[in-house]
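A.B. asks: Below you will find the structure I want to go over with you.
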Amino acid sequence: MASLLNLLLFLLLQPLFSTANVYKLNQLRSDLISNPTPLNDTPPTLYFEVTKPIKLPKTKPCSQLILQHDFAYTYGKPPVFANYTPPSDCPSQNFSKIVLEWRATSKGRQFDRIFGVWLSGVELLRSCTAEPRPNGIVWSVEKDITRYYSLLQKNQTLAVYLGNLIDKTYTGVYHVNIRFHFYPAEASLHSYDQNVDNLASGYHSWADLILPISRNLPLNDGLWFEIENSTDTKLKEFVIPQNAYRAVLEVYVSFHENDESWYANPTNEYIAANNLSLPGNGPFREVVVSIDDQIVGAVWPFTVIFTGGVNPLLWRPITAIGSYNLPSYDIEITPFLGNILDGKSHKIGFNVTNALNVWYIDANLHIWLDKQSKRTEGQLVKHASLPLVVSLVSDFKGLNGTFITRTSRSVSSTGWVKSSNGNVTTQSFQEFYYGNTMVMGSNGNVQIVNQNIHFNDTVHSKLPSSIVQSLTSHKTFPLYLYTDYLEQKNNSYLLVTNISLGFIEKKTASAGSQFLKSSLKNLQNAEGNMVVKDHLVVSGVGNTQQVYIYHGGKSCYFRNISSSNYTILYDKVVNTCNNKPKSDWDFGLSRLWPFGADITKQLPKAITTQQPVMSTLLPLLFFLLLQPLFSIANIRKHNQLRSELISQTISLNDTPPTLYFEVTKPIPVPKTKPCSQLILQHDFAYTYGKPPVFANYTPPSDCPSQNFSKIVLEWRATSKGRQFDRIFGVWLSGVELLRSCTAEPRTNGIVWSVEKDITRYYSLLQKNQTLAVYLGNLIDSTYTGVYHVNISFHFYPAEVSLRSFDQNVGDLASGYHSWADLILPISRNLPLTDGLWLEIENSTDTELKEFEIPQNAYRAVLEVYVSFHENDEFWYANPTNEYIAANNLTGTAGNGPFREVVVSLDGVIVGAVWPFTVVYTGGINPLLWRPITGIGSYDLPSYDIEITPFLGNILDGKSHKIGFNVTNALNVWYIDANLHIWLDKHSTRTEAQLVKHTSLPLAVSLVSDFEGLNGTFVTRASRSVSSAGWVKSSNGNITTQSIQDFSYINKMVMGNDGNLQTVDQNIHFNDTVLIETPYSYVHSLRSNKTFPLYLYTDFLEQEDKTYLLVTNVDLGFIEKRSASGGSRLLESSLRNLQNAEGDMVVKNNLVVSGVGNTQQVYRYHGGQFCYFRNVSSLNYTILHDEVERTCHRKAKSNFDFGLRRLWPFGTGFI
């Protein structure tokens, strides 16, 4: 493909790594030097942090320029000072909003710098500078500083410390303006400012006095305290007025140098064992706050990434969450007032658990005063600070290993204060939970961090009137970090990174009958990569996407924005609360947290990293990769995602075969001993284009009972060598029992099995039948893998009477019996030299099958099997024909990304299938599916369509036709079906009539915006099919209604001259069947399915016929089912979420390095049967595997945010 734009080189030849005051975590540090290339007259680039705008009154503000200064060589020098005087010329001195505005520009080369703004020692803003470009940048920060109202009423001294360095290399000077904007209130102060904070205080929104808990001037640094290590405690003396009735400590925290990326620090044991010189102490940190040596609270900080952190290309122009306005953290210390209302000096202390240098911490003590008295009384009634609970599980060998750290803490206090407001009792609770899973791989060159922090605060204040005021805050800080260092030839290396961040908070405040609540979901994903040679960046890319959702009563804000290499690709803003904005990122922040999604997602997930130069990848990794790497599913493959990589196989000696598997719930079977039959044993060698393999089936005659409550098909196969994935099917007299895909073997061999519940085919299994299996395989000198297959049936006798044992959803849904009396094959007739499926070759192709049903049928359900191959294997990623034609892309599969299978009966549409996006075992990047395969790839789902309402049209004893066609199809789709029919054994003929049928036309919309090979395409579609009919049988007159509703959205982005593609898709597929019996009972079956998909692919062409392929795939199969019959109700839910990411470097059609990482969370709840599994793998190795089989407690997974990233659409899926 075309190489990266020359402009990209200009953008990248700048300092690329954070120092945050010149020092940086070794692991994520680089000393890249490059010569900036002037960008001529290009205007400065606007950088920004995504956040909600400050809600302002409509009054004209009184604005003051407080400071204007050029920060050149300021490192190690005193802060810059300015005098502040309250605005005296404002028409009103009653302000409802006061805003600090920081605005800065810079040009040249410069690292990021931490800075602070103080007013008489009280910190107003902690922030980080943006990293400039040769053409210049501009950025601004607006912060609501109304809470400092009392401080702003008097003359003060403003101090700003920004430690910058200037020399011949680092030339960027920061030109800064600081303004205060005072907004007069529109109405009375309290009526305007009736917000969460106001309710929380109970008396007044703002403190009457704010004491600085910071260092005293003069200084040659910031006013923050510096915590150098884990034993370092910084103290500040203070005295509070004796008429205080409330106190809140606001804490500012930032981390730098060896602890800038503390969440990625390895354990000391790992460092010592490998003789490494790295920052350590593990990945857990907490800030502990004390008064007079008594712990009063803690801060578990949000993982702010500064603008030069990890990979600076990610934060241009969208900066990381919190980097321009670091959050502060409130600790309610009112219960402790009784200990400090003595007029004496007391000490507030700060220390950081496991700290390395350096942490910058200070605080502001907000105090509310009783203006009606000179002295208040107080007493601490109860205080509990439970010890920090930490657990570490580590498993490493050499430089590779897994480390799981979990911690928790709680701090609670209760105290009363007696003032002119009466006797008020305040309770404060803090609860913290933390989990960090760290994986080191590829001899320490790959690091994965999956972390989640839960930080909950609750404050209750009981007034003399017995009214209880409360404020609760529930914060969640998910983080996912992937870094990969790939050393290459000629003194070059590749850095790959993926970062997902989330700041999620729910706040509630109540006072009497007043209740306010707000919620914030701020989710961000950034990915990039760069190739560095001789300390020069020669190519790279940075992609960022962010979804910001705030709901605060009448105030709402939504923004979904994405960027790539300084360019905004997409930006949607909604300011109203009328409709809850939706983001396609929902499935997204899915991989975002693969260890445990979703939080949500939409745009690029590419990659980047900042790791030290470590040893090359393990030789074993080469062996694992030197195999065919792309799916062909019967030798043909989507061009865009196809590869014909050829490589030499290297023997893995006596390594045992690898077990591959699909994550799914075990089949619940009775405790009886099964009667098992080996139906077929065959070696599938060169079988492509040959007839299926046949075997005779005879029902088990030697079983002690012929009353079976469960029948299971077991497919078990092994293979060794090199082979592509192959689609296959298993039929019994033309009725398909299983559609599946083979695993791709390795040189040491693989084994995998599939177990499928085939009890629904009970009537078919009662008679002699012919089994047919088609698996089209090729064998030659290159592709040597033969599939050795055993197929067995296991028959489980019922423990008790059949109906009582099998009283399940299927039974309730039928209303009469769980299994059909007759099953007709809707498939091709033998003989064939292919599978029995019908083949759909294009969008006009309709395949028909004649059938005839007995005239005593009273119910009919069509079970449809679907799979897609060749040019439509990746239909969801197919570009539009308009795009293909405009760019003359001959040979590219098109027709856009929407497909549906339409099912007709004698030319009348009876239903549709919008299929789950199965990714086969060689699909996209085969390294992702070893050993954990893609959802549904070993057992492709089938789809039921209730056609009972149409029985009146086909109960005539004549032949009728079922037809299949696929909207927008390219070759080839394999489709067949099984027609399940229930018969009235007490009559020879039933009567029926179709009462109502509605099939609304398919509604499709496409919005495209592209120029050349780059663009955005949004496709939406919807359809509904409904029918109603009655059937009169010996069961009475029964009316059946069937309703299908479908909705679809696909957002596709093409970038980097077509080398980068992202697809964000969601399918909603709802079925409802209502059955009204003669007794007026209504039986119902509802199925609500959601199929989210996110796909990111990036092709990076490099020198010497080398390219890098980067992929990220998020899949979800989510289904809720309910069945009712009279007073009975059964419900089940399935959430099956998967994220897979990998990259590989290919040279001359040989894979020279690569990595595949997969995580899956499977959660099923079905009444008394539940199953949970959270499993992850890296390069054939299982990293984590947690299984829970009981329903007593809901198993939890850290993937929930990743699947809150994975599913930022709201956590409804998680």
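Chain labels A, B, ... are given in the sequence in which chains occur in the structure tokens; within each chain residues are numbered consecutively from 1, and ligands are likewise numbered from 1 in the order shown.
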Would you kindly return, as a CSV table (one decimal) with N, CA and C atoms, in the first residue's frame, each protein, DNA or RNA residue with an atom no farther than 10 Å from any atom of region 696-712 of chain A, considering only C-alpha atoms and excluding same-chain residues fewer than 4 positions away?
C.D. replies:
```
chain,number,residue,atom,x,y,z
A,667,ILE,N,-23.1,-28.2,29.1
A,667,ILE,CA,-24.5,-28.7,29.0
A,667,ILE,C,-25.0,-29.3,30.3
A,668,PRO,N,-26.0,-28.9,30.9
A,668,PRO,CA,-26.5,-29.5,32.1
A,668,PRO,C,-27.1,-30.9,31.8
A,669,VAL,N,-26.5,-31.9,32.3
A,669,VAL,CA,-27.0,-33.3,32.0
A,669,VAL,C,-27.4,-33.9,33.3
A,670,PRO,N,-28.3,-34.9,33.2
A,670,PRO,CA,-28.7,-35.7,34.4
A,670,PRO,C,-27.6,-36.5,34.9
A,672,THR,N,-27.5,-39.6,35.4
A,672,THR,CA,-27.5,-40.9,34.9
A,672,THR,C,-26.3,-41.2,34.0
A,673,LYS,N,-26.0,-42.5,33.8
A,673,LYS,CA,-24.9,-42.8,33.0
A,673,LYS,C,-25.3,-42.8,31.5
A,674,PRO,N,-24.6,-42.1,30.6
A,674,PRO,CA,-25.0,-42.0,29.3
A,674,PRO,C,-24.7,-43.3,28.5
A,675,CYS,N,-25.6,-43.6,27.5
A,675,CYS,CA,-25.3,-44.6,26.5
A,675,CYS,C,-24.6,-43.9,25.3
A,676,SER,N,-23.4,-44.2,25.1
A,676,SER,CA,-22.6,-43.5,24.1
A,676,SER,C,-22.3,-44.4,22.8
A,677,GLN,N,-22.4,-43.7,21.7
A,677,GLN,CA,-22.1,-44.4,20.4
A,677,GLN,C,-21.1,-43.6,19.6
A,678,LEU,N,-20.1,-44.3,19.1
A,678,LEU,CA,-19.2,-43.7,18.2
A,678,LEU,C,-19.8,-43.8,16.8
A,679,ILE,N,-20.2,-42.7,16.2
A,679,ILE,CA,-21.0,-42.7,15.0
A,679,ILE,C,-20.0,-42.7,13.8
A,680,LEU,N,-19.0,-41.9,13.9
A,680,LEU,CA,-18.0,-41.8,12.7
A,680,LEU,C,-16.6,-41.6,13.2
A,732,LEU,N,-27.9,-35.2,9.5
A,732,LEU,CA,-28.5,-36.5,9.8
A,732,LEU,C,-29.7,-36.6,8.8
A,733,SER,N,-29.6,-37.4,7.8
A,733,SER,CA,-30.6,-37.5,6.7
A,733,SER,C,-31.0,-36.1,6.2
A,754,VAL,N,-16.1,-30.2,20.3
A,754,VAL,CA,-17.4,-29.4,20.4
A,754,VAL,C,-18.4,-30.4,20.9
A,755,GLU,N,-19.1,-29.9,22.0
A,755,GLU,CA,-20.3,-30.6,22.5
A,755,GLU,C,-21.5,-29.8,22.2
A,756,LYS,N,-22.5,-30.4,21.6
A,756,LYS,CA,-23.7,-29.7,21.3
A,756,LYS,C,-24.9,-30.5,21.7
A,757,ASP,N,-25.9,-29.8,22.4
A,757,ASP,CA,-27.1,-30.4,22.8
A,757,ASP,C,-28.0,-30.6,21.6
A,758,ILE,N,-28.3,-31.8,21.2
A,758,ILE,CA,-29.1,-32.1,20.1
A,758,ILE,C,-30.4,-32.8,20.5
A,759,THR,N,-30.8,-32.5,21.7
A,759,THR,CA,-32.1,-33.1,22.2
A,759,THR,C,-33.3,-32.7,21.4
A,760,ARG,N,-33.2,-31.5,20.8
A,760,ARG,CA,-34.4,-31.0,20.1
A,760,ARG,C,-34.6,-31.8,18.8
A,761,TYR,N,-33.7,-32.6,18.4
A,761,TYR,CA,-33.8,-33.5,17.2
A,761,TYR,C,-34.2,-34.9,17.7
A,762,TYR,N,-34.9,-35.0,18.8
A,762,TYR,CA,-35.2,-36.3,19.5
A,762,TYR,C,-36.0,-37.2,18.5
A,764,LEU,N,-36.0,-37.3,15.3
A,764,LEU,CA,-35.1,-37.8,14.2
A,764,LEU,C,-34.2,-38.9,14.7
A,765,LEU,N,-33.8,-38.8,16.0
A,765,LEU,CA,-32.8,-39.7,16.5
A,765,LEU,C,-33.4,-41.1,16.9
A,766,GLN,N,-34.7,-41.2,16.8
A,766,GLN,CA,-35.4,-42.4,17.2
A,766,GLN,C,-35.4,-43.4,16.1
A,767,LYS,N,-35.0,-43.1,14.9
A,767,LYS,CA,-35.0,-44.0,13.7
A,767,LYS,C,-33.6,-44.1,13.1
A,768,ASN,N,-33.5,-45.1,12.3
A,768,ASN,CA,-32.2,-45.3,11.6
A,768,ASN,C,-32.1,-44.1,10.6
A,769,GLN,N,-30.9,-43.6,10.5
A,769,GLN,CA,-30.6,-42.4,9.6
A,769,GLN,C,-29.2,-42.6,9.0
A,770,THR,N,-28.9,-41.7,8.1
A,770,THR,CA,-27.6,-41.6,7.5
A,770,THR,C,-26.9,-40.3,7.9
A,771,LEU,N,-25.8,-40.4,8.5
A,771,LEU,CA,-25.0,-39.2,8.9
A,771,LEU,C,-24.1,-38.8,7.7
A,772,ALA,N,-24.0,-37.5,7.5
A,772,ALA,CA,-23.1,-37.0,6.4
A,772,ALA,C,-22.3,-35.9,7.0
A,792,SER,N,-19.3,-38.7,18.2
A,792,SER,CA,-20.1,-39.6,19.1
A,792,SER,C,-21.4,-39.0,19.5
A,793,PHE,N,-22.4,-39.8,19.8
A,793,PHE,CA,-23.6,-39.3,20.4
A,793,PHE,C,-23.7,-39.9,21.8
A,794,HIS,N,-24.1,-39.1,22.8
A,794,HIS,CA,-24.3,-39.5,24.1
A,794,HIS,C,-25.8,-39.4,24.5
A,795,PHE,N,-26.4,-40.5,24.9
A,795,PHE,CA,-27.8,-40.5,25.3
A,795,PHE,C,-27.9,-40.6,26.8
A,796,TYR,N,-28.6,-39.6,27.5
A,796,TYR,CA,-28.7,-39.6,28.9
A,796,TYR,C,-30.1,-40.0,29.3
A,797,PRO,N,-30.3,-41.2,29.9
A,797,PRO,CA,-31.7,-41.5,30.4
A,797,PRO,C,-32.2,-40.5,31.4
A,798,ALA,N,-33.5,-40.2,31.4
A,798,ALA,CA,-34.1,-39.3,32.3
A,798,ALA,C,-34.0,-39.8,33.7
A,799,GLU,N,-33.8,-38.9,34.7
A,799,GLU,CA,-33.8,-39.3,36.1
A,799,GLU,C,-35.2,-39.6,36.6
A,800,VAL,N,-36.1,-38.7,36.2
A,800,VAL,CA,-37.5,-38.9,36.6
A,800,VAL,C,-38.4,-38.8,35.3
A,801,SER,N,-39.6,-38.5,35.5
A,801,SER,CA,-40.5,-38.4,34.3
A,801,SER,C,-40.0,-37.4,33.4
A,802,LEU,N,-40.1,-37.6,32.1
A,802,LEU,CA,-39.5,-36.7,31.1
A,802,LEU,C,-40.0,-35.3,31.2
A,803,ARG,N,-41.3,-35.1,31.4
A,803,ARG,CA,-41.8,-33.7,31.4
A,803,ARG,C,-41.3,-33.0,32.6
A,805,PHE,N,-38.5,-33.4,34.3
A,805,PHE,CA,-37.1,-33.1,34.2
A,805,PHE,C,-36.8,-32.0,33.2
A,806,ASP,N,-37.6,-32.1,32.1
A,806,ASP,CA,-37.3,-31.2,31.0
A,806,ASP,C,-38.2,-30.0,30.9
```
A.B. asks: For region 82-98 of chain A, work out the shell of residues within 10 Å, counting only C-alpha atoms and skipping chain neighbours fewer than 5 positions away, then give it as JSON, numbers by chain.
C.D. replies: {"A": [54, 55, 56, 57, 59, 60, 61, 62, 63, 64, 65, 66, 67, 68, 69, 119, 120, 143, 144, 145, 146, 147, 148, 149, 151, 152, 153, 154, 155, 156, 157, 158, 159, 160, 180, 181, 182, 183, 184, 185, 186, 187, 188, 189, 190, 191, 192, 193]}
A.B. asks: Keeping only N, CA and C atoms, write those residues as a short mmCIF file (atom, residue, chain, number, x, y, z; two decimals), in the first residue's frame.
C.D. replies:
```cif
data_model
loop_
_atom_site.label_atom_id
_atom_site.label_comp_id
_atom_site.auth_asym_id
_atom_site.auth_seq_id
_atom_site.Cartn_x
_atom_site.Cartn_y
_atom_site.Cartn_z
N ILE A 54 -18.75 24.62 31.43
CA ILE A 54 -19.22 25.12 32.73
C ILE A 54 -20.57 25.82 32.53
N LYS A 55 -21.54 25.46 33.36
CA LYS A 55 -22.86 26.09 33.26
C LYS A 55 -22.80 27.50 33.83
N LEU A 56 -23.13 28.48 33.01
CA LEU A 56 -22.97 29.88 33.39
C LEU A 56 -24.31 30.60 33.38
N PRO A 57 -24.44 31.63 34.21
CA PRO A 57 -25.64 32.48 34.10
C PRO A 57 -25.57 33.31 32.82
N THR A 59 -25.66 36.44 32.61
CA THR A 59 -25.14 37.77 32.88
C THR A 59 -23.77 37.96 32.22
N LYS A 60 -23.40 39.21 32.00
CA LYS A 60 -22.10 39.54 31.41
C LYS A 60 -21.03 39.44 32.49
N PRO A 61 -19.96 38.70 32.24
CA PRO A 61 -18.95 38.55 33.29
C PRO A 61 -18.06 39.78 33.42
N CYS A 62 -17.54 39.96 34.62
CA CYS A 62 -16.48 40.94 34.86
C CYS A 62 -15.17 40.16 34.82
N SER A 63 -14.32 40.45 33.85
CA SER A 63 -13.11 39.65 33.62
C SER A 63 -11.86 40.43 33.98
N GLN A 64 -10.89 39.71 34.54
CA GLN A 64 -9.62 40.30 34.93
C GLN A 64 -8.47 39.46 34.39
N LEU A 65 -7.52 40.15 33.76
CA LEU A 65 -6.27 39.49 33.40
C LEU A 65 -5.38 39.52 34.64
N ILE A 66 -5.14 38.36 35.23
CA ILE A 66 -4.40 38.29 36.50
C ILE A 66 -2.91 38.18 36.25
N LEU A 67 -2.53 37.40 35.24
CA LEU A 67 -1.11 37.19 34.98
C LEU A 67 -0.88 36.98 33.49
N GLN A 68 0.18 37.58 32.99
CA GLN A 68 0.65 37.34 31.62
C GLN A 68 2.15 37.13 31.70
N HIS A 69 2.61 35.96 31.29
CA HIS A 69 4.02 35.67 31.48
C HIS A 69 4.50 34.65 30.44
N LEU A 119 -3.38 30.58 45.06
CA LEU A 119 -3.79 31.90 45.51
C LEU A 119 -3.56 31.95 47.02
N SER A 120 -2.50 32.66 47.38
CA SER A 120 -2.08 32.71 48.79
C SER A 120 -1.93 31.31 49.37
N LYS A 143 -11.72 26.40 34.48
CA LYS A 143 -12.07 25.67 35.69
C LYS A 143 -13.00 26.52 36.55
N ASP A 144 -14.04 25.89 37.05
CA ASP A 144 -14.97 26.54 37.96
C ASP A 144 -14.30 26.66 39.33
N ILE A 145 -14.03 27.88 39.76
CA ILE A 145 -13.37 28.10 41.06
C ILE A 145 -14.31 28.80 42.04
N THR A 146 -15.62 28.64 41.81
CA THR A 146 -16.60 29.29 42.68
C THR A 146 -16.48 28.80 44.12
N ARG A 147 -16.03 27.59 44.33
CA ARG A 147 -15.94 27.05 45.69
C ARG A 147 -14.90 27.81 46.52
N TYR A 148 -14.04 28.60 45.86
CA TYR A 148 -13.05 29.41 46.57
C TYR A 148 -13.55 30.85 46.76
N TYR A 149 -14.85 31.01 46.77
CA TYR A 149 -15.50 32.33 46.81
C TYR A 149 -14.95 33.22 47.92
N LEU A 151 -12.17 33.13 49.49
CA LEU A 151 -10.78 33.50 49.24
C LEU A 151 -10.69 34.62 48.22
N LEU A 152 -11.60 34.60 47.25
CA LEU A 152 -11.56 35.57 46.15
C LEU A 152 -12.17 36.92 46.53
N GLN A 153 -12.65 37.04 47.74
CA GLN A 153 -13.23 38.31 48.17
C GLN A 153 -12.19 39.28 48.74
N LYS A 154 -10.95 38.79 48.86
CA LYS A 154 -9.91 39.63 49.47
C LYS A 154 -8.69 39.71 48.56
N ASN A 155 -7.86 40.69 48.79
CA ASN A 155 -6.60 40.79 48.07
C ASN A 155 -5.72 39.59 48.39
N GLN A 156 -5.12 39.02 47.37
CA GLN A 156 -4.29 37.83 47.55
C GLN A 156 -3.09 37.90 46.60
N THR A 157 -2.20 36.94 46.76
CA THR A 157 -1.06 36.81 45.86
C THR A 157 -1.19 35.53 45.06
N LEU A 158 -1.17 35.68 43.74
CA LEU A 158 -1.21 34.52 42.85
C LEU A 158 0.21 34.03 42.60
N ALA A 159 0.39 32.70 42.66
CA ALA A 159 1.69 32.11 42.38
C ALA A 159 1.51 31.01 41.35
N VAL A 160 2.39 30.98 40.35
CA VAL A 160 2.36 29.94 39.31
C VAL A 160 3.76 29.35 39.20
N PHE A 180 -9.51 35.66 35.46
CA PHE A 180 -10.65 35.27 36.28
C PHE A 180 -11.88 35.95 35.69
N HIS A 181 -12.97 35.18 35.57
CA HIS A 181 -14.23 35.72 35.05
C HIS A 181 -15.29 35.59 36.15
N PHE A 182 -15.86 36.72 36.54
CA PHE A 182 -16.85 36.79 37.61
C PHE A 182 -18.23 37.01 36.99
N TYR A 183 -19.15 36.06 37.22
CA TYR A 183 -20.50 36.15 36.65
C TYR A 183 -21.49 36.55 37.73
N PRO A 184 -22.06 37.76 37.66
CA PRO A 184 -23.09 38.15 38.64
C PRO A 184 -24.28 37.20 38.58
N ALA A 185 -24.88 36.97 39.75
CA ALA A 185 -26.03 36.06 39.82
C ALA A 185 -27.22 36.68 39.12
N GLU A 186 -28.02 35.81 38.47
CA GLU A 186 -29.25 36.28 37.83
C GLU A 186 -30.33 36.53 38.87
N ALA A 187 -30.38 35.65 39.87
CA ALA A 187 -31.38 35.78 40.93
C ALA A 187 -30.64 35.64 42.25
N SER A 188 -31.38 35.34 43.32
CA SER A 188 -30.70 35.16 44.59
C SER A 188 -29.69 34.04 44.48
N LEU A 189 -28.64 34.18 45.22
CA LEU A 189 -27.52 33.26 45.11
C LEU A 189 -27.93 31.81 45.30
N HIS A 190 -28.71 31.54 46.34
CA HIS A 190 -29.03 30.14 46.65
C HIS A 190 -29.98 29.55 45.62
N SER A 191 -30.92 30.35 45.09
CA SER A 191 -31.83 29.77 44.11
C SER A 191 -31.10 29.43 42.82
N TYR A 192 -30.09 30.21 42.49
CA TYR A 192 -29.33 29.90 41.28
C TYR A 192 -28.43 28.71 41.50
N ASP A 193 -27.84 28.66 42.67
CA ASP A 193 -26.79 27.67 42.89
C ASP A 193 -27.27 26.45 43.67
#
```
A.B. asks: Please, which residues in region 962-1013 of chain A fall within 12 Å of region 1032-1039 of chain A when counting only C-alpha atoms, and what is the closest atom pair and distance in Å to one decimal for each, ordered by chain then residue number, as JSON lines?
C.D. replies:
```
{"residue": "A:Trp982", "atom": "CA", "partner": "A:Ser1033", "partner_atom": "CA", "distance": 11.2}
{"residue": "A:Leu983", "atom": "CA", "partner": "A:Ser1033", "partner_atom": "CA", "distance": 9.4}
{"residue": "A:Asp984", "atom": "CA", "partner": "A:Ser1033", "partner_atom": "CA", "distance": 6.7}
{"residue": "A:Lys985", "atom": "CA", "partner": "A:Ser1034", "partner_atom": "CA", "distance": 8.5}
{"residue": "A:His986", "atom": "CA", "partner": "A:Ser1034", "partner_atom": "CA", "distance": 6.4}
{"residue": "A:Ser987", "atom": "CA", "partner": "A:Ser1034", "partner_atom": "CA", "distance": 6.9}
{"residue": "A:Thr988", "atom": "CA", "partner": "A:Ser1033", "partner_atom": "CA", "distance": 9.6}
{"residue": "A:Arg989", "atom": "CA", "partner": "A:Ser1033", "partner_atom": "CA", "distance": 7.8}
{"residue": "A:Thr990", "atom": "CA", "partner": "A:Ser1033", "partner_atom": "CA", "distance": 5.1}
{"residue": "A:Glu991", "atom": "CA", "partner": "A:Lys1032", "partner_atom": "CA", "distance": 5.1}
{"residue": "A:Ala992", "atom": "CA", "partner": "A:Lys1032", "partner_atom": "CA", "distance": 6.0}
{"residue": "A:Gln993", "atom": "CA", "partner": "A:Lys1032", "partner_atom": "CA", "distance": 9.1}
{"residue": "A:Leu994", "atom": "CA", "partner": "A:Thr1039", "partner_atom": "CA", "distance": 9.7}
{"residue": "A:Val995", "atom": "CA", "partner": "A:Thr1039", "partner_atom": "CA", "distance": 9.3}
{"residue": "A:Lys996", "atom": "CA", "partner": "A:Thr1039", "partner_atom": "CA", "distance": 11.2}
```
A.B. asks: Find the spatial neighbours of region 452-461 of chain A, counting only C-alpha atoms, within a cut-off of 6 Å - ignore same-chain residues fewer than 4 positions away - and output them as a list in words.
C.D. replies: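 Everything that qualifies: Thr425, Thr426, Gln427, Ser428, Phe429, Gln430, Glu431, Phe432, Tyr433, Tyr434, Gly435, Val468, Gln469, Ser470, Leu471, Thr472, Ser473, His474, Lys475, Thr476, Phe477 and Pro478 of chain A.
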A.B. asks: Apply DSSP to the backbone of this structure and, from region 828-984 of chain A, keep only the residues in strand (DSSP E or B); write these as a PyMOL selection string.
C.D. replies: chain A and resi 838-840+846-851+857-868+900-905+908-913+932+942-946+960-967+973-983
A.B. asks: Using only C-alpha atoms, pick whichever of A:Trp973, A:Leu1130, A:Thr917, A:Val773 has the shortest atom-to-atom distance to Gln1065 (chain A).
C.D. replies: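 Nearest to Gln1065 (chain A): A:Thr917.
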A.B. asks: Kindly indicate which residue among A:Asp872, A:Asp1009, A:Glu900, A:Asp845 lies nearest to Ser1022 (chain A), using only C-alpha atoms for the distances.
C.D. replies: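 Closest residue, counting only C-alpha atoms: A:Glu900.
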A.B. asks: What's the separation between CA of Val1113 (chain A) and CA of Pro1092 (chain A), in Å to one decimal place?
C.D. replies: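 Computing the Euclidean distance for CA of Val1113 (chain A) and CA of Pro1092 (chain A) yields 10.6 Å.
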A.B. asks: From the options A:Tyr245, A:Ile318, A:His869, A:Tyr270, which residue's atoms come nearest to Gln372 (chain A), counting only C-alpha atoms?
C.D. replies: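 Once distances to Gln372 (chain A) are computed over only C-alpha atoms, the minimum belongs to A:Tyr245.
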A.B. asks: Tell me, which residues of region 102-252 of chain A carry DSSP helix (DSSP H, G or I), written as a list in words?
C.D. replies: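 Filtering region 102-252 of chain A down to helix (DSSP H, G or I) leaves Thr146, Arg147, Tyr148, Leu151, Leu152, Gln153, Leu189, His190, Ser191, Tyr192, Val196, Asp197, Asn198, Leu199, Ala200 and Ser201 of chain A.
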A.B. asks: Counting only C-alpha atoms, which of A:Asn281, A:Leu494, A:Gly163, A:His346 gets nearest to Thr405 (chain A)?
C.D. replies: A:Asn281
A.B. asks: So how many Å separate CA of Val50 (chain A) and CA of Asn560 (chain A), to one decimal?
C.D. replies: 9.3 Å
